[in-house]
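> Got a structure for you, questions after.
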Amino acid sequence: MKVLIVSFAFPPSNVIGAVRVGKLARYLDHQGHDVRVLTTDIVEDRSLPLEIARERVSYTEYRERQHWPEQVAQLLRGRAAAPAGDRREDTHQQYGAPARSLRQTLRRHYLALIHIPDIRADWVRSAVPAGRQLIEGWKPEIIFASRLARAYNIPWVADFRDLWVDNPYYNEPSWRKLVETMLERQILRGAAGLVTVSPIWAEQLRRRHGQAAAVVYNGYAEEDFPPIAPRTEPDPILTIRYMGSIYRGFRDPSALFSAIALLPDQLRARVSVEFFSDAGDAVLAAAAAHRVESVVAIKPRVPYRRALELQMEADVLLLLQSSDQRDEGNLPAKLFEYLYARRPILVIGYERGIAARFVLERSAGRLERLDPSVSIGLSRDDQYAKIEHLFEEILKNRVDAARRSAAGDARAIN
């Protein structure tokens with residue numbers, strides 16, 4: 001089977017979106033399929049292993065255009081640097097707040113308009129020509145997550161690692177959601193199949209589009225983890241680690257800090273909470289609000305496999321989710337790594353959400369090394385076999401339909 005994967009993020013770019021498609025390419029390649037990838041390579045952290053042959057990956061150029069709001073902002077920043085005696089600076093200070101609010105509003109609506117369907121829309125300029133060249137020269141049988149398929153009558157499968165208009169973190173202007181609702185419906189009308197990472201999201205997609213979506217969890221890759229070492233003497237310090245992004249207003253560790261603040265001084269001194277994240281200011285501000293900043297450490301992001309080692313060495317792994325019911329179906333990739341690491345998982349978020357239910361149903365919140373059964377059936381290979389089966393079923397149905405059509409034409413001629 002010849003499979004073309006189209007993804008903005010792909011190894012060696014060390015971002016979470018690259019892990020899923022990188023591992024899918026590896027799985028399909030190991031299963032003997034002919035896999036090619038169309039992607040970009042723009043992330044500075046290039047520590048994610050590339051697990052298929054380099055010649056099978058087409059890295060295209062990506063340059064995001066600088067639009068007039070950014071140019072205006074640069075001009076205004078230049079004015080702000082003017083000498084203190086300049087009257088224009090005095091006027092800017094006096095009336096700056098209303099002007100900034102208006103600029104921000106205009107900028108938000110302008111960028112919402114030009115970045116349809118998303119902020120990476122500019123990639124189309126290099127991706128489409130490269131995709132056409134690849135398709136015409138190689139002729140894939142199926143495309144995973146691409147809009148190139150329609151012009152070439154190739155079945156394509158849409159992968160929803162996150163939802164589109166139903167995304168719980170959606171924060172675009174209301175008018176744009178109406179536009180994207182129509183755009184999503186139009187685009188998916190031509191999809192041969194839908195894939196997503198959560199059964200709740202699969203149901204949302206079914207209700208919106210009248211089409212079933214296969215549930216393929218992100219899973220974990222055992223080969224990426226170091227061997228599980230036996231625990232030695234317990235450390236007097238309880239280390240709680242968070243490995244991931246902080247979305248302001250959605251992922252808030254304050255509940256943990258509030259609980260730590262209730263501990264007696266001697267017990268509080270035995271707790272260390274480490275955030276390997278890029279939102280240190282927000283975390284430290286929340287810690288300071290509860291007067292526990294002494295037990296909170298902000299550390300730089302680390303390469304992917306080092307992050308897995310740190311997970312396995314932690315005493316408790318922290319999973320932050322939004323407490324909003326709209327986040328009920330969010331099942332982050334990090335959870336599956338946590339489960340394989342077999343360390344107790346502390347979830348802060350919507351208590352009836354699927355992530356919390358996963359932890360409860362698999363008894364993954366106990367303060368002891370977890371049983372290997374907590375991650376059974378959740379490996380990436382287990383999950384990607386579902387995608388492989390979906391591809392094969394789509395191609396079989398396509399062949400069967402062609403045969404029925406040919407038989408009908410033959411009967412009509414006779």
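FYI, nothing fancy with the structure tokens labels: chains A, B, ... in order, residues from 1 per chain, ligands from 1 as they appear.
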Which residues of segment 312-404 of chain A come within 10 Å of segment 183-192 of chain A, and what is each one's closest atom pair and distance in Å (one decimal), counting only C-alpha atoms, sorted by chain and residue number, as a tab-separated table?

```
residue	atom	partner	partner_atom	distance
A:Leu390	CA	A:Ala192	CA	9.7
A:Phe391	CA	A:Ala192	CA	9.3
A:Ile394	CA	A:Ala192	CA	7.0
A:Leu395	CA	A:Ala192	CA	9.6
A:Arg398	CA	A:Ala192	CA	9.8
```
> If DSSP is run on the backbone, what residues of segment 98-243 of chain A are alpha helix (DSSP H)? A reply as a VMD selection string would be ideal.
chain A and resid 98 to 114 124 to 138 149 to 152 174 to 188 199 to 209
> Output C-alpha atoms for every residue in that selection, as a PDB file, in the first residue's frame.

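To be explicit, this is the file written out as result-v7.pdb:
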```
ATOM      1  CA  PRO A  98      -7.364  52.913  24.514  1.00  0.00           C
ATOM      2  CA  ALA A  99      -5.200  52.944  21.379  1.00  0.00           C
ATOM      3  CA  ARG A 100      -3.657  49.583  22.247  1.00  0.00           C
ATOM      4  CA  SER A 101      -7.072  48.090  22.910  1.00  0.00           C
ATOM      5  CA  LEU A 102      -8.346  49.231  19.530  1.00  0.00           C
ATOM      6  CA  ARG A 103      -5.183  47.978  17.776  1.00  0.00           C
ATOM      7  CA  GLN A 104      -5.491  44.607  19.445  1.00  0.00           C
ATOM      8  CA  THR A 105      -9.124  44.289  18.414  1.00  0.00           C
ATOM      9  CA  LEU A 106      -8.421  45.224  14.808  1.00  0.00           C
ATOM     10  CA  ARG A 107      -5.388  42.971  14.702  1.00  0.00           C
ATOM     11  CA  ARG A 108      -7.347  40.016  16.101  1.00  0.00           C
ATOM     12  CA  HIS A 109     -10.064  40.295  13.452  1.00  0.00           C
ATOM     13  CA  TYR A 110      -7.588  40.891  10.639  1.00  0.00           C
ATOM     14  CA  LEU A 111      -5.473  37.868  11.538  1.00  0.00           C
ATOM     15  CA  ALA A 112      -8.613  35.781  11.992  1.00  0.00           C
ATOM     16  CA  LEU A 113      -9.524  36.664   8.420  1.00  0.00           C
ATOM     17  CA  ILE A 114      -6.190  35.961   6.751  1.00  0.00           C
ATOM     18  CA  VAL A 124      -0.119  26.105   1.079  1.00  0.00           C
ATOM     19  CA  ARG A 125       2.201  28.122  -1.171  1.00  0.00           C
ATOM     20  CA  SER A 126       5.003  25.554  -0.923  1.00  0.00           C
ATOM     21  CA  ALA A 127       3.072  22.428   0.109  1.00  0.00           C
ATOM     22  CA  VAL A 128       0.688  22.265  -2.855  1.00  0.00           C
ATOM     23  CA  PRO A 129       3.359  22.409  -5.609  1.00  0.00           C
ATOM     24  CA  ALA A 130       5.530  19.898  -3.748  1.00  0.00           C
ATOM     25  CA  GLY A 131       2.518  17.660  -3.168  1.00  0.00           C
ATOM     26  CA  ARG A 132       1.518  17.734  -6.801  1.00  0.00           C
ATOM     27  CA  GLN A 133       5.009  16.783  -7.892  1.00  0.00           C
ATOM     28  CA  LEU A 134       5.110  13.929  -5.390  1.00  0.00           C
ATOM     29  CA  ILE A 135       1.670  12.613  -6.334  1.00  0.00           C
ATOM     30  CA  GLU A 136       2.222  12.770 -10.088  1.00  0.00           C
ATOM     31  CA  GLY A 137       5.597  11.071  -9.883  1.00  0.00           C
ATOM     32  CA  TRP A 138       4.839   8.450  -7.245  1.00  0.00           C
ATOM     33  CA  ALA A 149      -6.459  14.236  -2.741  1.00  0.00           C
ATOM     34  CA  ARG A 150      -9.562  15.757  -4.355  1.00  0.00           C
ATOM     35  CA  ALA A 151      -7.797  16.936  -7.525  1.00  0.00           C
ATOM     36  CA  TYR A 152      -6.250  13.495  -8.079  1.00  0.00           C
ATOM     37  CA  SER A 174     -17.716  34.446  16.482  1.00  0.00           C
ATOM     38  CA  TRP A 175     -18.019  35.355  12.791  1.00  0.00           C
ATOM     39  CA  ARG A 176     -15.047  33.168  11.946  1.00  0.00           C
ATOM     40  CA  LYS A 177     -16.590  30.122  13.619  1.00  0.00           C
ATOM     41  CA  LEU A 178     -19.524  30.398  11.216  1.00  0.00           C
ATOM     42  CA  VAL A 179     -17.102  30.490   8.288  1.00  0.00           C
ATOM     43  CA  GLU A 180     -15.072  27.551   9.564  1.00  0.00           C
ATOM     44  CA  THR A 181     -18.186  25.505  10.266  1.00  0.00           C
ATOM     45  CA  MET A 182     -19.103  25.726   6.594  1.00  0.00           C
ATOM     46  CA  LEU A 183     -15.486  25.167   5.537  1.00  0.00           C
ATOM     47  CA  GLU A 184     -15.102  22.066   7.717  1.00  0.00           C
ATOM     48  CA  ARG A 185     -18.349  20.606   6.384  1.00  0.00           C
ATOM     49  CA  GLN A 186     -17.326  21.240   2.784  1.00  0.00           C
ATOM     50  CA  ILE A 187     -13.831  19.792   3.174  1.00  0.00           C
ATOM     51  CA  LEU A 188     -14.853  16.667   5.062  1.00  0.00           C
ATOM     52  CA  PRO A 199     -14.427   8.475  21.664  1.00  0.00           C
ATOM     53  CA  ILE A 200     -16.197  11.632  22.843  1.00  0.00           C
ATOM     54  CA  TRP A 201     -14.680  13.591  19.958  1.00  0.00           C
ATOM     55  CA  ALA A 202     -15.617  10.773  17.579  1.00  0.00           C
ATOM     56  CA  GLU A 203     -19.236  11.176  18.664  1.00  0.00           C
ATOM     57  CA  GLN A 204     -19.047  14.946  18.188  1.00  0.00           C
ATOM     58  CA  LEU A 205     -17.727  14.432  14.650  1.00  0.00           C
ATOM     59  CA  ARG A 206     -20.470  11.906  13.909  1.00  0.00           C
ATOM     60  CA  ARG A 207     -23.177  14.304  15.071  1.00  0.00           C
ATOM     61  CA  ARG A 208     -21.740  17.209  13.093  1.00  0.00           C
ATOM     62  CA  HIS A 209     -20.935  15.372   9.849  1.00  0.00           C
TER      63      HIS A 209
END
```
> With only C-alpha atoms as the atoms that count, which of A:Ala121, A:Ala145, A:Ala18, A:Ala221 lies nearest to Asp381 of chain A?
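Checking each of A:Ala121, A:Ala145, A:Ala18, A:Ala221 against Asp381 of chain A, counting only C-alpha atoms, the winner is A:Ala221.
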> Tell me, as a list in words, which residues lie within 12 Å of Ala285 of chain A, counting only C-alpha atoms; anything in the same chain fewer than 4 positions away does not count.
Arg248, Asp252, Pro253, Ser254, Phe257, Ala279, Gly280, Asp281, Ala289, His290, Arg291, Val292, Glu293, Val296 and Ile298 of chain A
> Could you write those residues out with N, CA and C atoms, as a short mmCIF file (atom, residue, chain, number, x, y, z; two decimals), in the first residue's frame?

```
data_model
loop_
_atom_site.label_atom_id
_atom_site.label_comp_id
_atom_site.auth_asym_id
_atom_site.auth_seq_id
_atom_site.Cartn_x
_atom_site.Cartn_y
_atom_site.Cartn_z
N ARG A 248 -2.75 29.37 29.32
CA ARG A 248 -3.31 30.30 30.29
C ARG A 248 -4.83 30.32 30.21
N ASP A 252 -4.38 25.12 34.85
CA ASP A 252 -4.01 25.93 36.01
C ASP A 252 -3.61 25.01 37.17
N PRO A 253 -2.35 25.10 37.64
CA PRO A 253 -1.91 24.24 38.74
C PRO A 253 -2.28 24.78 40.12
N SER A 254 -3.11 25.81 40.20
CA SER A 254 -3.41 26.45 41.49
C SER A 254 -3.99 25.49 42.51
N PHE A 257 -1.16 23.84 44.22
CA PHE A 257 -0.46 24.77 45.10
C PHE A 257 -1.27 25.05 46.36
N ALA A 279 6.02 28.30 30.14
CA ALA A 279 5.14 29.32 30.72
C ALA A 279 5.47 29.52 32.18
N GLY A 280 6.74 29.67 32.46
CA GLY A 280 7.20 29.76 33.84
C GLY A 280 6.64 30.93 34.62
N ASP A 281 6.46 32.07 33.96
CA ASP A 281 5.95 33.24 34.67
C ASP A 281 4.56 32.99 35.23
N ALA A 289 1.00 33.23 44.64
CA ALA A 289 -0.31 33.57 45.19
C ALA A 289 -0.67 32.67 46.36
N HIS A 290 -0.10 31.46 46.38
CA HIS A 290 -0.35 30.52 47.48
C HIS A 290 0.85 30.39 48.41
N ARG A 291 1.87 31.21 48.17
CA ARG A 291 3.07 31.25 49.01
C ARG A 291 3.79 29.91 49.06
N VAL A 292 3.87 29.25 47.93
CA VAL A 292 4.59 27.97 47.86
C VAL A 292 5.67 28.01 46.78
N GLU A 293 6.09 29.22 46.39
CA GLU A 293 7.08 29.31 45.31
C GLU A 293 8.38 28.62 45.66
N VAL A 296 8.48 25.14 44.07
CA VAL A 296 8.18 25.05 42.64
C VAL A 296 9.42 25.42 41.83
N ILE A 298 10.91 25.83 37.79
CA ILE A 298 10.66 25.89 36.35
C ILE A 298 11.93 25.48 35.63
#
```
> Report as a list in words all protein, DNA and RNA residues lying within 8 Å of Tyr59 of chain A, evaluated on only C-alpha atoms, omitting residues in the same chain fewer than 4 positions from it.
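So the residues in contact are Leu38, Thr39, Thr40 and Asp41 of chain A.
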> So that I can see what lies close to Ile142 of chain A, please list as a list in words the residues with an atom at most 6 Å from it, counting only C-alpha atoms and leaving out residues fewer than 6 positions away in the same chain.
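Using only C-alpha atoms, the neighbours found are Val3, Ile154, Pro155 and Trp156 of chain A.
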> For segment 370-379 of chain A, work out the shell of residues within 8 Å, counting only C-alpha atoms and skipping chain neighbours fewer than 3 positions away, then give it as a PyMOL selection string.
chain A and resi 217+219-222+336+339-340+342-344+362-364+366+382-383
> Can you pull out every residue from segment 239-333 of chain A that DSSP, working from the backbone, puts in strand (DSSP E or B), and format the result as a PyMOL selection string?
chain A and resi 239-243+271-276+296-299+316-320
> Can you list, as a list in words, every protein, DNA or RNA residue that comes within 10 Å of Asp159 of chain A when you count only C-alpha atoms, leaving out same-chain residues fewer than 5 positions away?
Ser7, Val21, Phe144, Ala145, Ser146, Gly193, Leu194, Val195, Thr196, Val197, Ala213, Ala214, Val215, Val216 and Ile387 of chain A
